[in-house]
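Undergrad: So that you have it, the file is final.pdb, and it contains PDB, C-alpha atoms:
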ATOM      1  CA  MET A 188    -138.870  39.536 -68.212  1.00  0.00           C
ATOM      2  CA  THR A 189    -140.239  39.773 -71.764  1.00  0.00           C
ATOM      3  CA  ALA A 190    -136.756  39.280 -73.221  1.00  0.00           C
ATOM      4  CA  LEU A 191    -136.363  36.125 -71.125  1.00  0.00           C
ATOM      5  CA  LYS A 192    -139.708  34.774 -72.388  1.00  0.00           C
ATOM      6  CA  ILE A 193    -138.435  35.169 -75.967  1.00  0.00           C
ATOM      7  CA  ALA A 194    -134.806  34.130 -75.398  1.00  0.00           C
ATOM      8  CA  ALA A 195    -135.511  30.819 -73.642  1.00  0.00           C
ATOM      9  CA  PRO A 196    -137.626  29.290 -76.443  1.00  0.00           C
ATOM     10  CA  LEU A 197    -135.234  30.683 -79.059  1.00  0.00           C
ATOM     11  CA  ALA A 198    -132.242  29.093 -77.321  1.00  0.00           C
ATOM     12  CA  THR A 199    -134.091  25.764 -77.198  1.00  0.00           C
ATOM     13  CA  ILE A 200    -134.788  25.907 -80.941  1.00  0.00           C
ATOM     14  CA  VAL A 201    -131.159  26.752 -81.733  1.00  0.00           C
ATOM     15  CA  LEU A 202    -129.869  23.871 -79.604  1.00  0.00           C
ATOM     16  CA  MET A 203    -132.325  21.440 -81.198  1.00  0.00           C
ATOM     17  CA  ALA A 204    -131.282  22.568 -84.682  1.00  0.00           C
ATOM     18  CA  THR A 205    -127.556  22.160 -84.012  1.00  0.00           C
ATOM     19  CA  PRO A 206    -126.312  19.106 -85.905  1.00  0.00           C
ATOM     20  CA  ALA A 207    -124.852  16.209 -83.956  1.00  0.00           C
ATOM     21  CA  PHE A 208    -121.129  15.729 -84.229  1.00  0.00           C
ATOM     22  CA  ALA A 209    -120.053  12.838 -86.406  1.00  0.00           C
ATOM     23  CA  LEU A 210    -118.370   9.923 -84.737  1.00  0.00           C
ATOM     24  CA  ASP A 211    -114.990   8.770 -85.921  1.00  0.00           C
ATOM     25  CA  VAL A 212    -112.772   5.745 -85.593  1.00  0.00           C
ATOM     26  CA  ALA A 213    -109.133   5.703 -86.686  1.00  0.00           C
ATOM     27  CA  LYS A 214    -106.900   2.653 -86.474  1.00  0.00           C
ATOM     28  CA  GLU A 215    -103.440   1.932 -87.751  1.00  0.00           C
ATOM     29  CA  THR A 216    -100.898  -0.830 -87.614  1.00  0.00           C
ATOM     30  CA  GLU A 217     -97.255  -1.241 -88.484  1.00  0.00           C
ATOM     31  CA  VAL A 218     -96.647  -3.802 -91.214  1.00  0.00           C
ATOM     32  CA  ASN A 219     -93.377  -5.618 -91.782  1.00  0.00           C
ATOM     33  CA  ALA A 220     -93.573  -5.173 -95.558  1.00  0.00           C
ATOM     34  CA  THR A 221     -92.799  -2.482 -98.113  1.00  0.00           C
ATOM     35  CA  PRO A 222     -95.547   0.041 -98.896  1.00  0.00           C
ATOM     36  CA  ASP A 223     -95.811  -1.448-102.411  1.00  0.00           C
ATOM     37  CA  LYS A 224     -96.498  -4.921-100.985  1.00  0.00           C
ATOM     38  CA  VAL A 225     -99.102  -3.585 -98.574  1.00  0.00           C
ATOM     39  CA  TRP A 226    -100.796  -1.552-101.319  1.00  0.00           C
ATOM     40  CA  SER A 227    -100.827  -4.584-103.626  1.00  0.00           C
ATOM     41  CA  THR A 228    -102.694  -6.433-100.854  1.00  0.00           C
ATOM     42  CA  VAL A 229    -105.248  -3.742-100.056  1.00  0.00           C
ATOM     43  CA  GLY A 230    -105.291  -1.336-103.005  1.00  0.00           C
ATOM     44  CA  ASP A 231    -107.754  -3.066-105.306  1.00  0.00           C
ATOM     45  CA  PHE A 232    -111.253  -1.932-104.266  1.00  0.00           C
ATOM     46  CA  CYS A 233    -112.658  -5.473-104.337  1.00  0.00           C
ATOM     47  CA  ALA A 234    -109.582  -7.125-102.769  1.00  0.00           C
ATOM     48  CA  ILE A 235    -111.329  -6.781 -99.407  1.00  0.00           C
ATOM     49  CA  ALA A 236    -112.744 -10.268-100.005  1.00  0.00           C
ATOM     50  CA  ASP A 237    -109.167 -11.579 -99.983  1.00  0.00           C
ATOM     51  CA  TRP A 238    -108.100  -9.913 -96.750  1.00  0.00           C
ATOM     52  CA  HIS A 239    -111.109  -9.228 -94.500  1.00  0.00           C
ATOM     53  CA  PRO A 240    -112.279 -12.268 -92.531  1.00  0.00           C
ATOM     54  CA  ALA A 241    -115.902 -11.017 -92.402  1.00  0.00           C
ATOM     55  CA  VAL A 242    -116.220 -10.714 -96.196  1.00  0.00           C
ATOM     56  CA  ALA A 243    -117.107 -13.875 -98.109  1.00  0.00           C
ATOM     57  CA  SER A 244    -117.064 -12.266-101.561  1.00  0.00           C
ATOM     58  CA  CYS A 245    -116.971  -8.947-103.367  1.00  0.00           C
ATOM     59  CA  GLU A 246    -118.641  -8.019-106.627  1.00  0.00           C
ATOM     60  CA  GLU A 247    -117.583  -4.797-108.316  1.00  0.00           C
ATOM     61  CA  SER A 248    -120.010  -2.892-110.531  1.00  0.00           C
ATOM     62  CA  ASP A 249    -120.517   0.454-112.213  1.00  0.00           C
ATOM     63  CA  ALA A 250    -123.501   2.695-111.387  1.00  0.00           C
ATOM     64  CA  ASP A 251    -123.759   5.844-113.503  1.00  0.00           C
ATOM     65  CA  GLY A 252    -119.972   6.098-113.756  1.00  0.00           C
ATOM     66  CA  ALA A 253    -119.310   5.377-110.084  1.00  0.00           C
ATOM     67  CA  THR A 254    -117.447   2.260-108.991  1.00  0.00           C
ATOM     68  CA  GLN A 255    -119.397   0.250-106.432  1.00  0.00           C
ATOM     69  CA  ARG A 256    -118.791  -2.986-104.600  1.00  0.00           C
ATOM     70  CA  THR A 257    -121.247  -5.357-103.007  1.00  0.00           C
ATOM     71  CA  LEU A 258    -119.764  -7.260-100.096  1.00  0.00           C
ATOM     72  CA  SER A 259    -121.375 -10.567 -99.195  1.00  0.00           C
ATOM     73  CA  LEU A 260    -120.703 -11.178 -95.527  1.00  0.00           C
ATOM     74  CA  GLU A 261    -119.789 -14.422 -93.806  1.00  0.00           C
ATOM     75  CA  GLY A 262    -122.947 -15.618 -92.079  1.00  0.00           C
ATOM     76  CA  GLY A 263    -125.243 -13.625 -94.384  1.00  0.00           C
ATOM     77  CA  GLY A 264    -126.023 -10.034 -95.195  1.00  0.00           C
ATOM     78  CA  SER A 265    -124.430  -7.612 -97.610  1.00  0.00           C
ATOM     79  CA  ILE A 266    -122.998  -4.116 -97.792  1.00  0.00           C
ATOM     80  CA  LEU A 267    -123.112  -1.809-100.821  1.00  0.00           C
ATOM     81  CA  GLU A 268    -120.247   0.698-100.992  1.00  0.00           C
ATOM     82  CA  GLU A 269    -119.150   3.342-103.469  1.00  0.00           C
ATOM     83  CA  LEU A 270    -115.606   4.443-104.261  1.00  0.00           C
ATOM     84  CA  ILE A 271    -115.434   8.238-104.003  1.00  0.00           C
ATOM     85  CA  ALA A 272    -111.688   8.918-104.277  1.00  0.00           C
ATOM     86  CA  ARG A 273    -108.600   6.957-105.218  1.00  0.00           C
ATOM     87  CA  ASP A 274    -104.938   7.925-105.385  1.00  0.00           C
ATOM     88  CA  ASP A 275    -102.606   5.085-106.357  1.00  0.00           C
ATOM     89  CA  GLU A 276     -99.547   7.320-106.039  1.00  0.00           C
ATOM     90  CA  ALA A 277    -100.471   8.266-102.457  1.00  0.00           C
ATOM     91  CA  MET A 278    -101.680   4.679-101.844  1.00  0.00           C
ATOM     92  CA  SER A 279    -105.128   5.539-100.532  1.00  0.00           C
ATOM     93  CA  TYR A 280    -108.796   5.282-101.379  1.00  0.00           C
ATOM     94  CA  THR A 281    -111.979   6.630 -99.834  1.00  0.00           C
ATOM     95  CA  TYR A 282    -115.414   5.082-100.020  1.00  0.00           C
ATOM     96  CA  ARG A 283    -118.869   5.449 -98.530  1.00  0.00           C
ATOM     97  CA  ILE A 284    -121.522   2.955 -97.491  1.00  0.00           C
ATOM     98  CA  LEU A 285    -124.755   3.191 -99.438  1.00  0.00           C
ATOM     99  CA  GLU A 286    -126.622   0.237 -97.857  1.00  0.00           C
ATOM    100  CA  SER A 287    -125.645  -1.809 -94.821  1.00  0.00           C
ATOM    101  CA  PRO A 288    -126.845  -3.743 -91.765  1.00  0.00           C
ATOM    102  CA  LEU A 289    -124.178  -1.956 -89.689  1.00  0.00           C
ATOM    103  CA  PRO A 290    -125.360   0.423 -86.935  1.00  0.00           C
ATOM    104  CA  VAL A 291    -124.059   3.496 -88.821  1.00  0.00           C
ATOM    105  CA  ALA A 292    -125.352   6.203 -91.159  1.00  0.00           C
ATOM    106  CA  ASN A 293    -123.479   8.687 -93.357  1.00  0.00           C
ATOM    107  CA  TYR A 294    -120.378   6.484 -93.254  1.00  0.00           C
ATOM    108  CA  GLU A 295    -117.250   7.526 -95.158  1.00  0.00           C
ATOM    109  CA  SER A 296    -113.878   5.831 -94.775  1.00  0.00           C
ATOM    110  CA  THR A 297    -110.292   5.968 -96.029  1.00  0.00           C
ATOM    111  CA  ILE A 298    -107.660   3.243 -96.218  1.00  0.00           C
ATOM    112  CA  SER A 299    -104.074   4.390 -96.749  1.00  0.00           C
ATOM    113  CA  VAL A 300    -100.522   3.068 -96.737  1.00  0.00           C
ATOM    114  CA  LEU A 301     -97.463   5.109 -95.729  1.00  0.00           C
ATOM    115  CA  GLY A 302     -93.858   4.185 -95.202  1.00  0.00           C
ATOM    116  CA  GLU A 303     -90.395   3.707 -96.559  1.00  0.00           C
ATOM    117  CA  GLY A 304     -88.125   0.749 -96.958  1.00  0.00           C
ATOM    118  CA  GLU A 305     -89.286  -2.516 -95.449  1.00  0.00           C
ATOM    119  CA  MET A 306     -91.826  -1.052 -92.991  1.00  0.00           C
ATOM    120  CA  SER A 307     -95.246   0.455 -93.620  1.00  0.00           C
ATOM    121  CA  THR A 308     -98.017   2.067 -91.648  1.00  0.00           C
ATOM    122  CA  LEU A 309    -101.475   0.979 -92.676  1.00  0.00           C
ATOM    123  CA  SER A 310    -104.329   3.295 -91.639  1.00  0.00           C
ATOM    124  CA  TRP A 311    -108.099   2.841 -91.779  1.00  0.00           C
ATOM    125  CA  SER A 312    -110.296   5.666 -90.582  1.00  0.00           C
ATOM    126  CA  GLY A 313    -113.925   6.610 -90.905  1.00  0.00           C
ATOM    127  CA  THR A 314    -116.546   9.142 -89.920  1.00  0.00           C
ATOM    128  CA  PHE A 315    -120.203   8.336 -89.444  1.00  0.00           C
ATOM    129  CA  ASP A 316    -123.323   8.861 -87.375  1.00  0.00           C
ATOM    130  CA  ALA A 317    -124.924   6.212 -85.209  1.00  0.00           C
ATOM    131  CA  ALA A 318    -127.865   4.745 -87.111  1.00  0.00           C
ATOM    132  CA  GLU A 319    -131.362   5.289 -85.836  1.00  0.00           C
ATOM    133  CA  GLY A 320    -131.851   3.096 -82.782  1.00  0.00           C
ATOM    134  CA  ALA A 321    -128.120   2.517 -82.243  1.00  0.00           C
ATOM    135  CA  THR A 322    -125.943   4.098 -79.593  1.00  0.00           C
ATOM    136  CA  ASP A 323    -122.664   5.860 -80.294  1.00  0.00           C
ATOM    137  CA  GLU A 324    -120.941   2.986 -78.479  1.00  0.00           C
ATOM    138  CA  ASP A 325    -122.649   0.405 -80.725  1.00  0.00           C
ATOM    139  CA  ALA A 326    -121.560   2.275 -83.840  1.00  0.00           C
ATOM    140  CA  THR A 327    -117.952   2.937 -82.821  1.00  0.00           C
ATOM    141  CA  GLY A 328    -117.574  -0.582 -81.414  1.00  0.00           C
ATOM    142  CA  ALA A 329    -118.798  -2.216 -84.618  1.00  0.00           C
ATOM    143  CA  ILE A 330    -116.578  -0.120 -86.872  1.00  0.00           C
ATOM    144  CA  GLY A 331    -113.549  -0.443 -84.576  1.00  0.00           C
ATOM    145  CA  GLY A 332    -113.929  -4.232 -84.589  1.00  0.00           C
ATOM    146  CA  ILE A 333    -114.144  -4.297 -88.384  1.00  0.00           C
ATOM    147  CA  TYR A 334    -111.009  -2.173 -88.677  1.00  0.00           C
ATOM    148  CA  ASP A 335    -109.050  -4.254 -86.138  1.00  0.00           C
ATOM    149  CA  ALA A 336    -109.857  -7.543 -87.897  1.00  0.00           C
ATOM    150  CA  GLY A 337    -109.064  -6.132 -91.327  1.00  0.00           C
ATOM    151  CA  LEU A 338    -105.799  -4.475 -90.355  1.00  0.00           C
ATOM    152  CA  ALA A 339    -104.520  -7.613 -88.626  1.00  0.00           C
ATOM    153  CA  SER A 340    -105.328  -9.714 -91.682  1.00  0.00           C
ATOM    154  CA  ILE A 341    -103.736  -7.261 -94.137  1.00  0.00           C
ATOM    155  CA  ALA A 342    -100.585  -7.058 -92.035  1.00  0.00           C
ATOM    156  CA  GLU A 343    -100.317 -10.854 -91.953  1.00  0.00           C
ATOM    157  CA  LYS A 344    -100.908 -11.279 -95.692  1.00  0.00           C
ATOM    158  CA  ALA A 345     -98.572  -8.456 -96.767  1.00  0.00           C
ATOM    159  CA  ALA A 346     -95.754  -9.650 -94.484  1.00  0.00           C
ATOM    160  CA  ALA A 347     -96.052 -13.162 -95.966  1.00  0.00           C
ATOM    161  CA  MET A 348     -95.577 -11.905 -99.563  1.00  0.00           C
TER
END
Please express the file's structure as structure tokens.
TA:
Amino acid sequence: MTALKIAAPLATIVLMATPAFALDVAKETEVNATPDKVWSTVGDFCAIADWHPAVASCEESDADGATQRTLSLEGGGSILEELIARDDEAMSYTYRILESPLPVANYESTISVLGEGEMSTLSWSGTFDAAEGATDEDATGAIGGIYDAGLASIAEKAAAM
């Protein structure tokens, strides 16, 4: 009985201390354009203003050697993001959100282009936690919607080049 009195509270503490699993969203689309054309559409860190319908403008800056971008959103609001990895040869970059009105925390995302010949696969994936006060469904729904709109626009623009 004494062991049970000690084990039950200990188990509760361990379960409470276990970190929550990060949420993730991964989307991809086939693009009727060469990988080079798709990368020329999406590869510049601030080109998001040219291809994402929710972004009105993008301003790139440097903060202590790190490349950042401030996205001004259609309808108001802004997002501050930081580039954390870039590989032009592999046609991918990874960034994180530093400040945002989105219902996410600890957000990190990668955009990449794969393919050969005249067809490409464009991928956008991210991991994050739901922000305080937001549900997992709110967070994954918001990010999934952003990815869907962006991928559709990139595919259209790259195919038209």
Undergrad: Find the residues near region 255-260 of chain A: any atom within 10 Å, counting only C-alpha atoms, skip ones fewer than 5 places away on the same chain, and give them as a PDB file with C-alpha atoms, in the coordinates of the input.
TA:
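result-v1.pdb was written with the following content:
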ATOM      1  CA  PHE A 232    -111.253  -1.932-104.266  1.00  0.00           C
ATOM      2  CA  CYS A 233    -112.658  -5.473-104.337  1.00  0.00           C
ATOM      3  CA  ILE A 235    -111.329  -6.781 -99.407  1.00  0.00           C
ATOM      4  CA  ALA A 236    -112.744 -10.268-100.005  1.00  0.00           C
ATOM      5  CA  HIS A 239    -111.109  -9.228 -94.500  1.00  0.00           C
ATOM      6  CA  PRO A 240    -112.279 -12.268 -92.531  1.00  0.00           C
ATOM      7  CA  ALA A 241    -115.902 -11.017 -92.402  1.00  0.00           C
ATOM      8  CA  VAL A 242    -116.220 -10.714 -96.196  1.00  0.00           C
ATOM      9  CA  ALA A 243    -117.107 -13.875 -98.109  1.00  0.00           C
ATOM     10  CA  SER A 244    -117.064 -12.266-101.561  1.00  0.00           C
ATOM     11  CA  CYS A 245    -116.971  -8.947-103.367  1.00  0.00           C
ATOM     12  CA  GLU A 246    -118.641  -8.019-106.627  1.00  0.00           C
ATOM     13  CA  GLU A 247    -117.583  -4.797-108.316  1.00  0.00           C
ATOM     14  CA  SER A 248    -120.010  -2.892-110.531  1.00  0.00           C
ATOM     15  CA  ASP A 249    -120.517   0.454-112.213  1.00  0.00           C
ATOM     16  CA  ALA A 250    -123.501   2.695-111.387  1.00  0.00           C
ATOM     17  CA  SER A 265    -124.430  -7.612 -97.610  1.00  0.00           C
ATOM     18  CA  ILE A 266    -122.998  -4.116 -97.792  1.00  0.00           C
ATOM     19  CA  LEU A 267    -123.112  -1.809-100.821  1.00  0.00           C
ATOM     20  CA  GLU A 268    -120.247   0.698-100.992  1.00  0.00           C
ATOM     21  CA  GLU A 269    -119.150   3.342-103.469  1.00  0.00           C
ATOM     22  CA  LEU A 270    -115.606   4.443-104.261  1.00  0.00           C
ATOM     23  CA  ILE A 271    -115.434   8.238-104.003  1.00  0.00           C
ATOM     24  CA  TYR A 282    -115.414   5.082-100.020  1.00  0.00           C
ATOM     25  CA  ARG A 283    -118.869   5.449 -98.530  1.00  0.00           C
ATOM     26  CA  ILE A 284    -121.522   2.955 -97.491  1.00  0.00           C
ATOM     27  CA  LEU A 285    -124.755   3.191 -99.438  1.00  0.00           C
ATOM     28  CA  GLU A 286    -126.622   0.237 -97.857  1.00  0.00           C
ATOM     29  CA  SER A 287    -125.645  -1.809 -94.821  1.00  0.00           C
TER      30      SER A 287
END
Undergrad: Using all atoms listed in the file, can you list as a PDB file with C-alpha atoms, keeping the file's coordinate frame the residues within 8 Å of (-122.6, 7.8, -84.3)?
TA:
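Dumped everything to selection-v2.pdb:
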ATOM      1  CA  ALA A 209    -120.053  12.838 -86.406  1.00  0.00           C
ATOM      2  CA  LEU A 210    -118.370   9.923 -84.737  1.00  0.00           C
ATOM      3  CA  ASP A 211    -114.990   8.770 -85.921  1.00  0.00           C
ATOM      4  CA  VAL A 291    -124.059   3.496 -88.821  1.00  0.00           C
ATOM      5  CA  ALA A 292    -125.352   6.203 -91.159  1.00  0.00           C
ATOM      6  CA  PHE A 315    -120.203   8.336 -89.444  1.00  0.00           C
ATOM      7  CA  ASP A 316    -123.323   8.861 -87.375  1.00  0.00           C
ATOM      8  CA  ALA A 317    -124.924   6.212 -85.209  1.00  0.00           C
ATOM      9  CA  ALA A 318    -127.865   4.745 -87.111  1.00  0.00           C
ATOM     10  CA  ALA A 321    -128.120   2.517 -82.243  1.00  0.00           C
ATOM     11  CA  THR A 322    -125.943   4.098 -79.593  1.00  0.00           C
ATOM     12  CA  ASP A 323    -122.664   5.860 -80.294  1.00  0.00           C
ATOM     13  CA  GLU A 324    -120.941   2.986 -78.479  1.00  0.00           C
ATOM     14  CA  ALA A 326    -121.560   2.275 -83.840  1.00  0.00           C
ATOM     15  CA  THR A 327    -117.952   2.937 -82.821  1.00  0.00           C
TER      16      THR A 327
END
Undergrad: Report, in Å with one decimal, the straight-line distance from CA of Ile341 (chain A) to CA of Pro290 (chain A).
TA: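 Separation between CA of Ile341 (chain A) and CA of Pro290 (chain A): 24.1 Å.
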Undergrad: When the PyMOL selection byres ((chain A and resi 225) around 12) is applied to the file above, which residues end up in the set, as a ChimeraX atom specification?
TA: /A:216-224,226-231,234,238,278-279,298-310,338,340-348
Undergrad: Report, in Å with one decimal, the straight-line distance from CA of Tyr334 (chain A) to CA of Ala213 (chain A).
TA: 8.3 Å
